[in-house]
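Student: coords.txt is reproduced below (compact mmCIF, C-alpha atoms).
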```
# COMPACT_ATOMS: atom_id res chain seq x y z
CA MET N 7 22.51 137.71 154.80
CA SER N 8 20.57 140.56 156.41
CA THR N 9 18.80 143.19 154.31
CA ASP N 10 17.42 145.05 157.32
CA PRO N 11 18.00 148.82 156.80
CA SER N 12 17.77 149.47 160.54
CA ASN N 13 21.23 148.02 161.17
CA LEU N 14 23.06 149.36 158.10
CA PRO N 15 25.92 150.91 160.11
CA ASP N 16 26.63 147.54 161.77
CA ARG N 17 26.52 145.76 158.42
CA TRP N 18 28.78 148.47 156.95
CA GLN N 19 31.34 147.96 159.70
CA ARG N 20 31.46 144.23 159.10
CA VAL N 21 32.05 144.32 155.35
CA MET N 22 33.37 147.73 154.28
CA LEU N 23 37.04 148.77 154.31
CA GLY N 24 37.69 151.07 157.25
CA ASN N 25 38.99 154.06 155.30
CA TYR N 26 35.75 156.04 155.73
CA GLY N 27 35.08 154.96 159.28
CA THR N 28 31.61 153.72 160.12
CA PRO N 29 28.74 156.15 159.43
CA SER N 30 26.45 156.84 162.38
CA LEU N 31 23.43 157.40 160.18
CA ALA N 32 21.90 155.37 157.36
CA LEU N 33 19.79 157.14 154.75
CA VAL N 34 17.18 155.32 152.75
CA ARG N 35 15.68 157.96 150.42
CA GLY N 36 15.48 161.66 149.68
CA ALA N 37 13.44 164.28 147.87
CA GLY N 38 14.76 167.73 147.10
CA ALA N 39 16.84 168.99 150.01
CA VAL N 40 15.34 166.50 152.48
CA VAL N 41 16.63 163.00 153.23
CA VAL N 42 15.04 160.25 155.33
CA ASP N 43 16.80 157.77 157.58
CA GLN N 44 16.05 154.13 158.30
CA SER N 45 13.61 155.08 161.08
CA GLU N 46 11.67 157.44 158.78
CA ARG N 47 13.10 160.58 160.38
CA GLU N 48 13.63 163.52 158.04
CA TYR N 49 16.72 165.75 157.84
CA LEU N 50 17.41 168.94 155.91
CA ASP N 51 20.48 168.13 153.83
CA LEU N 52 22.81 171.13 154.01
CA PHE N 53 25.81 169.23 152.70
CA GLY N 54 24.47 167.74 149.46
CA GLY N 55 26.71 164.68 149.40
CA ILE N 56 29.83 166.93 149.49
CA ALA N 57 28.36 169.49 147.08
CA VAL N 58 27.34 166.75 144.63
CA ASN N 59 23.55 166.88 144.71
CA ALA N 60 23.17 170.14 142.81
CA LEU N 61 19.44 169.64 142.32
CA GLY N 62 18.92 167.72 145.53
CA HIS N 63 17.62 164.18 145.68
CA ALA N 64 15.41 162.51 143.08
CA HIS N 65 14.95 165.66 141.03
CA PRO N 66 12.38 164.88 138.30
CA ALA N 67 14.62 166.23 135.52
CA VAL N 68 17.53 164.00 136.51
CA VAL N 69 15.30 160.98 137.09
CA GLU N 70 13.69 161.42 133.69
CA ALA N 71 17.02 161.97 131.89
CA VAL N 72 18.69 158.96 133.49
CA THR N 73 15.67 156.70 133.02
CA THR N 74 15.27 157.64 129.38
CA GLN N 75 18.97 157.31 128.60
CA ILE N 76 19.50 153.94 130.28
CA GLY N 77 16.37 152.71 128.54
CA THR N 78 17.72 153.88 125.21
CA LEU N 79 21.49 153.43 125.18
CA GLY N 80 23.69 152.71 128.18
CA HIS N 81 27.46 152.48 128.28
CA VAL N 82 29.23 152.35 124.92
CA SER N 83 32.86 153.21 125.87
CA ASN N 84 34.75 155.90 124.00
CA LEU N 85 35.28 153.61 121.04
CA PHE N 86 31.91 154.82 119.80
CA ALA N 87 30.32 158.26 119.73
CA ALA N 88 27.05 158.92 121.55
CA GLU N 89 24.86 161.99 121.73
CA PRO N 90 24.98 162.90 125.47
CA PRO N 91 28.76 163.35 125.92
CA VAL N 92 29.11 165.34 122.70
CA THR N 93 26.16 167.59 123.55
CA LEU N 94 27.46 168.04 127.10
CA ALA N 95 30.92 169.06 125.87
CA GLU N 96 29.33 171.53 123.48
CA LEU N 97 27.19 172.98 126.28
CA LEU N 98 30.11 173.33 128.71
CA LEU N 99 32.12 175.25 126.12
CA THR N 100 29.09 177.42 125.33
CA LEU N 101 28.76 178.29 129.01
CA THR N 102 32.39 179.42 129.09
CA GLY N 103 32.11 181.37 125.85
CA ARG N 104 35.48 180.05 124.69
CA PRO N 105 36.69 177.44 122.21
CA GLY N 106 38.26 174.31 123.54
CA ARG N 107 38.11 170.58 124.05
CA VAL N 108 36.65 168.47 126.86
CA TYR N 109 37.83 165.23 128.45
CA PHE N 110 35.31 163.35 130.60
CA ALA N 111 36.33 161.36 133.67
CA ASN N 112 34.56 159.71 136.59
CA SER N 113 35.59 162.10 139.36
CA GLY N 114 37.38 165.29 140.27
CA ALA N 115 40.59 163.42 141.04
CA GLU N 116 40.54 161.86 137.59
CA ALA N 117 39.86 165.22 135.97
CA ASN N 118 42.85 166.68 137.82
CA GLU N 119 44.99 163.69 136.83
CA ALA N 120 44.18 164.51 133.21
CA ALA N 121 45.28 168.12 133.73
CA PHE N 122 48.46 166.87 135.44
CA LYS N 123 49.30 164.58 132.51
CA LEU N 124 48.44 167.31 130.01
CA SER N 125 50.91 169.65 131.71
CA ARG N 126 53.68 167.05 131.36
CA ARG N 127 53.16 167.06 127.63
CA THR N 128 54.25 170.70 127.49
CA GLY N 129 57.78 169.38 128.00
CA ARG N 130 57.98 170.81 131.50
CA SER N 131 57.58 168.90 134.75
CA GLN N 132 57.56 171.47 137.57
CA VAL N 133 54.16 172.12 139.14
CA VAL N 134 53.11 174.77 141.63
CA ALA N 135 50.08 174.22 143.87
CA ALA N 136 48.75 175.83 147.04
CA ALA N 137 49.15 174.69 150.61
CA GLY N 138 45.81 173.52 151.93
CA GLY N 139 44.53 172.82 148.45
CA PHE N 140 42.61 169.62 147.79
CA HIS N 141 42.75 168.05 144.35
CA GLY N 142 41.94 164.41 145.09
CA ARG N 143 43.38 161.28 146.65
CA THR N 144 44.71 159.25 143.72
CA MET N 145 48.50 159.28 143.67
CA GLY N 146 48.90 162.01 141.05
CA ALA N 147 46.14 164.20 142.42
CA LEU N 148 47.41 163.58 145.95
CA ALA N 149 50.80 164.98 144.93
CA LEU N 150 48.99 168.21 144.00
CA THR N 151 46.98 168.24 147.24
CA GLY N 152 48.61 170.55 149.75
CA GLN N 153 47.45 168.78 152.91
CA PRO N 154 50.29 166.85 154.62
CA SER N 155 47.92 164.78 156.75
CA LYS N 156 46.53 163.21 153.60
CA ALA N 157 49.72 163.05 151.55
CA ASP N 158 52.50 162.13 153.98
CA PRO N 159 51.47 158.48 154.61
CA PHE N 160 51.82 157.76 150.88
CA ARG N 161 55.12 159.43 150.01
CA PRO N 162 57.01 159.36 147.74
CA LEU N 163 54.43 160.92 145.44
CA PRO N 164 54.87 161.58 141.74
CA GLY N 165 55.84 164.91 140.30
CA GLU N 166 57.92 167.92 141.14
CA VAL N 167 55.28 169.82 143.08
CA THR N 168 55.99 172.98 145.06
CA HIS N 169 53.31 174.17 147.47
CA VAL N 170 53.03 177.88 148.23
CA PRO N 171 50.80 179.74 150.71
CA TYR N 172 47.31 180.16 149.30
CA GLY N 173 46.40 183.72 148.40
CA ASP N 174 50.01 184.99 148.56
CA VAL N 175 50.80 186.59 145.20
CA ASP N 176 54.46 187.22 146.04
CA ALA N 177 55.03 183.59 147.02
CA LEU N 178 53.38 182.45 143.81
CA ALA N 179 55.48 184.82 141.72
CA GLN N 180 58.67 183.54 143.32
CA ALA N 181 57.75 179.89 142.80
CA VAL N 182 56.79 180.09 139.12
CA SER N 183 59.57 180.06 136.54
CA ASP N 184 60.10 179.33 132.86
CA GLU N 185 60.39 175.67 133.92
CA THR N 186 56.90 175.56 135.44
CA ALA N 187 54.45 173.35 133.59
CA MET N 188 51.32 174.43 135.45
CA VAL N 189 49.95 176.24 138.45
CA ILE N 190 46.85 174.57 139.88
CA LEU N 191 44.58 176.48 142.26
CA GLU N 192 41.05 176.35 143.62
CA PRO N 193 39.05 179.60 143.31
CA ILE N 194 37.89 178.85 146.87
CA GLN N 195 39.55 176.14 148.98
CA GLY N 196 36.58 174.11 150.14
CA GLU N 197 38.20 171.19 151.96
CA ALA N 198 40.71 173.45 153.72
CA GLY N 199 37.92 175.42 155.38
CA VAL N 200 36.11 177.39 152.65
CA LEU N 201 39.03 179.79 152.29
CA VAL N 202 38.50 182.70 149.92
CA PRO N 203 41.68 184.27 148.50
CA PRO N 204 42.17 188.04 148.37
CA ALA N 205 40.46 189.80 145.47
CA GLY N 206 42.71 189.80 142.43
CA TYR N 207 44.59 186.63 143.37
CA LEU N 208 43.40 184.61 140.40
CA THR N 209 44.06 187.55 138.08
CA ALA N 210 47.61 187.77 139.41
CA ALA N 211 48.03 184.02 138.96
CA ARG N 212 46.89 184.43 135.36
CA GLU N 213 49.45 187.18 134.74
CA ILE N 214 52.28 185.25 136.40
CA THR N 215 51.63 182.03 134.52
CA ARG N 216 51.19 183.80 131.20
CA ALA N 217 54.50 185.64 131.67
CA HIS N 218 56.31 182.34 132.14
CA GLY N 219 54.42 180.23 129.63
CA ALA N 220 52.99 178.02 132.37
CA LEU N 221 49.46 176.66 132.31
CA LEU N 222 46.92 178.08 134.74
CA VAL N 223 44.68 175.22 135.83
CA LEU N 224 41.71 176.03 138.07
CA ASP N 225 40.21 173.21 140.08
CA GLU N 226 36.47 173.94 140.06
CA VAL N 227 35.48 170.48 141.23
CA GLN N 228 33.67 172.00 144.20
CA THR N 229 33.09 175.58 143.07
CA GLY N 230 31.78 174.84 139.56
CA VAL N 231 28.26 174.21 138.24
CA ALA N 232 26.60 177.25 139.86
CA ARG N 233 27.78 176.48 143.38
CA THR N 234 28.97 180.08 143.93
CA GLY N 235 26.17 181.71 141.93
CA HIS N 236 28.18 181.70 138.71
CA TRP N 237 28.39 178.86 136.24
CA PHE N 238 32.04 178.61 137.18
CA ALA N 239 33.65 180.58 140.01
CA HIS N 240 36.51 181.96 137.91
CA GLN N 241 33.97 183.86 135.81
CA ALA N 242 33.27 186.12 138.80
CA GLU N 243 36.79 187.55 138.50
CA GLY N 244 36.90 187.48 134.71
CA VAL N 245 39.92 185.19 134.68
CA ALA N 246 40.60 183.01 131.63
CA PRO N 247 42.39 179.80 132.70
CA ASP N 248 44.06 177.47 130.23
CA VAL N 249 42.32 174.50 131.83
CA PHE N 250 39.68 173.99 134.47
CA THR N 251 38.28 170.85 136.04
CA LEU N 252 34.78 169.93 137.17
CA ALA N 253 33.02 167.08 138.99
CA LYS N 254 30.76 166.93 142.08
CA GLY N 255 27.63 168.88 141.05
CA LEU N 256 28.13 168.20 137.35
CA GLY N 257 26.47 164.79 137.37
CA GLY N 258 23.75 165.74 139.85
CA GLY N 259 24.44 162.59 141.88
CA LEU N 260 26.03 160.44 139.19
CA PRO N 261 29.83 160.11 139.01
CA LEU N 262 31.18 162.44 136.35
CA GLY N 263 34.22 164.69 136.02
CA ALA N 264 35.47 166.91 133.23
CA CYS N 265 38.76 168.49 132.24
CA VAL N 266 38.03 171.50 130.03
CA ILE N 267 40.96 172.69 127.89
CA PHE N 268 40.84 176.07 126.15
CA THR N 269 42.46 176.63 122.80
CA ASP N 270 41.95 180.34 122.11
CA GLU N 271 45.29 181.39 123.63
CA ARG N 272 47.17 178.12 123.14
CA PRO N 273 45.76 176.04 120.29
CA GLU N 274 48.46 173.42 120.76
CA LEU N 275 46.81 172.27 124.00
CA ALA N 276 44.23 170.38 121.95
CA GLU N 277 47.00 168.17 120.57
CA LEU N 278 48.85 167.29 123.79
CA LEU N 279 46.85 164.16 124.61
CA PRO N 280 46.57 162.39 121.26
CA ALA N 281 44.78 159.10 120.66
CA GLY N 282 46.01 156.40 123.01
CA SER N 283 47.76 158.76 125.44
CA HIS N 284 45.02 158.85 128.10
CA GLY N 285 41.59 157.45 128.72
CA SER N 286 38.89 156.19 131.06
CA THR N 287 36.54 153.30 130.38
CA PHE N 288 33.57 154.94 132.06
CA GLY N 289 34.47 158.57 131.29
CA GLY N 290 31.71 160.19 129.25
CA ASN N 291 29.20 157.48 130.09
CA PRO N 292 25.99 158.49 128.27
CA VAL N 293 23.79 158.05 131.35
CA ALA N 294 26.00 160.25 133.53
CA CYS N 295 26.25 162.83 130.74
CA ALA N 296 22.47 162.81 130.28
CA ALA N 297 22.14 163.56 134.00
CA ALA N 298 24.62 166.44 133.66
CA LEU N 299 22.67 167.89 130.76
CA ALA N 300 19.54 167.78 132.90
CA VAL N 301 21.39 169.54 135.72
CA LEU N 302 22.77 172.34 133.55
CA ARG N 303 19.51 172.89 131.66
CA THR N 304 17.51 172.99 134.90
CA ILE N 305 19.89 175.51 136.44
CA ALA N 306 19.39 177.73 133.40
CA ALA N 307 15.63 177.20 133.07
CA GLU N 308 14.89 177.81 136.75
CA GLY N 309 17.21 180.79 137.21
CA LEU N 310 19.23 179.02 139.87
CA LEU N 311 22.30 181.24 139.46
CA ASP N 312 20.40 184.18 140.93
CA HIS N 313 18.60 181.91 143.39
CA VAL N 314 21.93 180.63 144.74
CA LYS N 315 23.18 184.18 145.28
CA ARG N 316 19.94 185.19 146.99
CA VAL N 317 19.53 182.17 149.26
CA GLY N 318 23.25 182.03 149.97
CA GLU N 319 23.15 185.62 151.19
CA GLN N 320 20.08 184.83 153.31
CA LEU N 321 22.00 181.97 154.90
CA ARG N 322 25.18 183.99 155.40
CA SER N 323 23.51 187.11 156.80
CA GLY N 324 21.19 185.03 158.95
CA ILE N 325 24.08 183.24 160.66
CA ASP N 326 26.03 186.47 161.02
CA GLY N 327 22.95 188.15 162.38
CA LEU N 328 22.68 185.70 165.25
CA GLY N 329 25.62 187.45 166.90
CA HIS N 330 26.45 184.20 168.63
CA PRO N 331 29.81 184.16 170.46
CA LEU N 332 30.69 180.77 168.98
CA VAL N 333 30.53 182.14 165.42
CA ALA N 334 33.65 184.01 164.35
CA GLU N 335 32.67 184.62 160.73
CA VAL N 336 30.83 183.21 157.75
CA ARG N 337 32.84 183.06 154.53
CA GLY N 338 32.54 181.67 151.04
CA ALA N 339 30.28 182.45 148.11
CA GLY N 340 26.80 181.45 147.01
CA LEU N 341 25.91 178.12 148.58
CA LEU N 342 29.46 177.14 149.48
CA LEU N 343 29.79 178.64 152.93
CA GLY N 344 32.07 178.05 155.88
CA VAL N 345 30.98 178.89 159.42
CA ALA N 346 34.19 179.63 161.32
CA LEU N 347 33.89 178.90 165.03
CA THR N 348 35.73 180.42 167.96
CA GLN N 349 36.24 176.97 169.50
CA PRO N 350 37.22 173.60 167.95
CA VAL N 351 33.74 172.13 168.38
CA ALA N 352 32.64 171.63 164.78
CA GLY N 353 32.21 167.89 165.26
CA ALA N 354 30.03 168.33 168.33
CA LEU N 355 28.03 171.07 166.62
CA ALA N 356 27.44 168.87 163.58
CA ALA N 357 26.22 166.11 165.89
CA ALA N 358 23.90 168.50 167.72
CA LEU N 359 22.49 169.74 164.43
CA GLN N 360 22.00 166.18 163.22
CA SER N 361 20.03 165.47 166.37
CA ALA N 362 17.92 168.51 165.54
CA GLY N 363 17.34 167.31 161.98
CA PHE N 364 20.05 169.05 159.94
CA LEU N 365 23.04 167.53 158.12
CA VAL N 366 26.18 169.67 157.93
CA ASN N 367 29.89 168.92 157.50
CA PRO N 368 32.58 169.63 160.14
CA ALA N 369 35.31 170.21 157.53
CA GLN N 370 37.81 171.41 160.13
CA PRO N 371 37.75 171.36 163.95
CA GLU N 372 36.77 175.02 163.93
CA LEU N 373 34.69 175.14 160.77
CA LEU N 374 31.34 173.89 159.50
CA ARG N 375 30.98 173.59 155.73
CA LEU N 376 27.57 174.18 154.17
CA ALA N 377 27.05 173.05 150.56
CA PRO N 378 23.31 172.37 150.26
CA PRO N 379 21.43 171.61 147.05
CA LEU N 380 21.11 174.67 144.82
CA ILE N 381 17.33 174.37 145.09
CA LEU N 382 17.37 175.03 148.85
CA SER N 383 14.40 177.28 149.59
CA GLY N 384 14.24 180.41 151.68
CA GLU N 385 11.81 178.67 154.02
CA GLN N 386 14.31 175.85 154.59
CA VAL N 387 17.03 178.41 155.34
CA ALA N 388 14.72 180.04 157.88
CA THR N 389 14.09 176.67 159.53
CA PHE N 390 17.82 176.08 159.90
CA LEU N 391 18.43 179.58 161.26
CA SER N 392 15.74 179.02 163.88
CA ALA N 393 17.39 175.82 165.10
CA LEU N 394 21.04 176.92 164.95
CA PRO N 395 21.22 179.03 168.16
CA ALA N 396 20.12 176.13 170.37
CA ALA N 397 22.73 173.85 168.79
CA LEU N 398 25.43 176.50 169.28
CA ASP N 399 24.42 176.93 172.91
CA GLN N 400 24.47 173.17 173.42
CA VAL N 401 28.13 172.81 172.44
CA GLY N 402 29.50 175.56 174.61
CA GLY N 403 28.68 178.98 173.26
CA THR N 404 25.80 179.90 175.52
CA ARG N 405 25.17 183.62 175.50
```
Translate the structure of the given file into structure tokens.
Tutor:
Amino acid sequence: MSTDPSNLPDRWQRVMLGNYGTPSLALVRGAGAVVVDQSEREYLDLFGGIAVNALGHAHPAVVEAVTTQIGTLGHVSNLFAAEPPVTLAELLLTLTGRPGRVYFANSGAEANEAAFKLSRRTGRSQVVAAAGGFHGRTMGALALTGQPSKADPFRPLPGEVTHVPYGDVDALAQAVSDETAMVILEPIQGEAGVLVPPAGYLTAAREITRAHGALLVLDEVQTGVARTGHWFAHQAEGVAPDVFTLAKGLGGGLPLGACVIFTDERPELAELLPAGSHGSTFGGNPVACAAALAVLRTIAAEGLLDHVKRVGEQLRSGIDGLGHPLVAEVRGAGLLLGVALTQPVAGALAAALQSAGFLVNPAQPELLRLAPPLILSGEQVATFLSALPAALDQVGGTR
């Protein structure tokens, strides 16, 4: 059995299921926003493991928290209480400023499954979601996901889910009735191309759901944990959802999701999933929760909310300022940005940037997604902006 890191992609192809395809690049370590491949070449990581590595790679606070916790008390299941998950739940509610309850899962899909099951316990079964939305790939979460290419091969899917155009208030109002259990929306659709809805859309969704007694569930798996320059993206619009879900950046590289249920408007929500009705063996694992506490405390201590807004604007305005014909627009918020292209060359552009030492994500044929670590520096942004024009020229947009 080979342990040679230089042929990891070949070894991957021989033993891994083909659902991810075979990666072209093998990474062996990282520090901050920089990762290193098997040949010791460095790359600036502008994708952060799909917005997961909130503090980058090997951040001292996360390393220390995980090392201390695993050396003290590892997994205990939810049959016993432990300090990290309780403290993390308390901190999450403090950051929202609202009373509620928290359910911990392993991923965003699991967090959304919990919200889905919670909505069923209202006695209603109809769900409204948005076309293009991405809520996960497990069967329940996939039913909520409004992307036919991902859902169609696995139909029939559970639930009575109606998908409406994202950002269309009238369509949402027509779809929601007194039979609707929940409306689930992303504040920004990341997977669909970093789509930002019109201002006031979430507020309108709040008013519509409240009028019909339906739950408003916001999927903040990608937009939460300071990604947009706010602790949670819905806070930017002052919207108060009944439920919101988190994952990705929460664990700072460790698998952790959360379903946060608010009880100020609807106290009965705290009672809808009683003992024995739902669970996850690894959910609330003390080591993962200790990592999350390190992430949240570091964001607060180092002023990363303002840093994300500042560096995100530097990145956005810098790309816009290139005036390159291949760039149609830059959209998003904070450090969740989409570079819309005038040609479907995102894959080729990502490859060109990788060759130049930058990792980005071609989320759609005409869109690059940037979701770097929140600690990305201004100097690193400047380095990327210096290299981007040559990569754009290389794939067909020569000025």
Student: From the list N:Val387, N:Cys265, N:Val69, N:Ala377, which residue is nearest Arg233 (chain N) when using only C-alpha atoms?
Tutor: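 Closest to Arg233 (chain N), using only C-alpha atoms: N:Ala377.
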Student: Counting all atoms listed in the file, which residue out of N:Arg322, N:Lys123, N:Arg375, N:Arg104 sits closest to Ser283 (chain N)?
Tutor: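 Of the candidates, the smallest distance to Ser283 (chain N) is held by N:Lys123.
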Student: Work out how far apart CA of Gly80 (chain N) and CA of Leu260 (chain N) are and give it in Å to one decimal.
Tutor: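 Between CA of Gly80 (chain N) and CA of Leu260 (chain N) the gap works out to 13.7 Å.
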Student: List as a list in words: which residues have an atom within 12 Å of (47.1, 163.1, 153.8), counting all atoms listed in the file?
Tutor: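 Those residues lying close to the given coordinates are Gly138, Gly139, Phe140, His141, Gly142, Arg143, Thr144, Met145, Ala147, Leu148, Ala149, Leu150, Thr151, Gly152, Gln153, Pro154, Ser155, Lys156, Ala157, Asp158, Pro159, Phe160, Arg161 and Leu163 of chain N.
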Student: Which one is closest to Val41 (chain N): N:Ser323, N:Ala354, N:Gln360, N:Ser383? Count all atoms listed in the file.
Tutor: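 Checking each candidate against Val41 (chain N), we get N:Gln360 as the closest.
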Student: Enter the distance from CA of Val108 (chain N) to CA of Arg130 (chain N), in Å, rounded to one decimal.
Tutor: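 Spanning CA of Val108 (chain N) to CA of Arg130 (chain N) is a straight-line distance of 22.0 Å.
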Student: When distances are computed from all atoms listed in the file, which of N:Val21, N:Ala179, N:Val202, N:Leu398 shows the smallest separation from Val336 (chain N)?
Tutor: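 Looking at the shortest contact to Val336 (chain N), the residue is N:Val202.
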Student: So the first atom is CA of Ala67 (chain N) and the second is CA of Val40 (chain N); what is the distance between them in Å, to one decimal place?
Tutor: 17.0 Å
Student: Counting only C-alpha atoms, figure out which residue out of N:Val200, N:Ala358, N:Ile267, N:Leu262 gets nearest to Glu372 (chain N).
Tutor: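 Selected residue with least distance to Glu372 (chain N): N:Val200.
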Student: So that I can see what lies close to Val231 (chain N), please list as a PyMOL selection string the residues with an atom at most 9 Å from it, counting only C-alpha atoms and leaving out residues fewer than 2 positions away in the same chain.
Tutor: chain N and resi 60+226-229+233-239+252-256+301-302+305
Student: Considering all atoms listed in the file, state which residue in the set N:Val134, N:Leu355, N:Leu33, N:Ala296 is at the smallest distance from Val182 (chain N).
Tutor: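 Residue with the minimum atom-to-atom distance to Val182 (chain N): N:Val134.
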Student: Just want the 7 Å neighbourhood of region 166-177 of chain N, counted on all atoms listed in the file, with same-chain residues fewer than 6 positions away dropped. Output as a PyMOL selection string.
Tutor: chain N and resi 131-137+149-150+152+203-204+207+210
Student: Need to verify the contact set: Ser286 (chain N), 12 Å, all atoms listed in the file, exclusion of same-chain residues closer than 3 positions in sequence. Can you return it as a list in words?
Tutor: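 Result of the neighbour search: Ser83, Asn84, Leu85, Tyr109, Phe110, Ala111, Asn112, Ser113, Glu116, Ala117, Glu119, Ala120, Leu262, Gly263, Ala264, Gly282, Ser283, Gly289, Gly290 and Asn291 of chain N.
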Student: Would you write out those residues with C-alpha atoms, as a short mmCIF file (atom, residue, chain, number, x, y, z; two decimals), in the coordinates of the input?
Tutor:
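As a result, selection_27.cif now contains:
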```cif
data_model
loop_
_atom_site.label_atom_id
_atom_site.label_comp_id
_atom_site.auth_asym_id
_atom_site.auth_seq_id
_atom_site.Cartn_x
_atom_site.Cartn_y
_atom_site.Cartn_z
CA SER N 83 32.86 153.21 125.87
CA ASN N 84 34.75 155.90 124.00
CA LEU N 85 35.28 153.61 121.04
CA TYR N 109 37.83 165.23 128.45
CA PHE N 110 35.31 163.35 130.60
CA ALA N 111 36.33 161.36 133.67
CA ASN N 112 34.56 159.71 136.59
CA SER N 113 35.59 162.10 139.36
CA GLU N 116 40.54 161.86 137.59
CA ALA N 117 39.86 165.22 135.97
CA GLU N 119 44.99 163.69 136.83
CA ALA N 120 44.18 164.51 133.21
CA LEU N 262 31.18 162.44 136.35
CA GLY N 263 34.22 164.69 136.02
CA ALA N 264 35.47 166.91 133.23
CA GLY N 282 46.01 156.40 123.01
CA SER N 283 47.76 158.76 125.44
CA GLY N 289 34.47 158.57 131.29
CA GLY N 290 31.71 160.19 129.25
CA ASN N 291 29.20 157.48 130.09
#
```
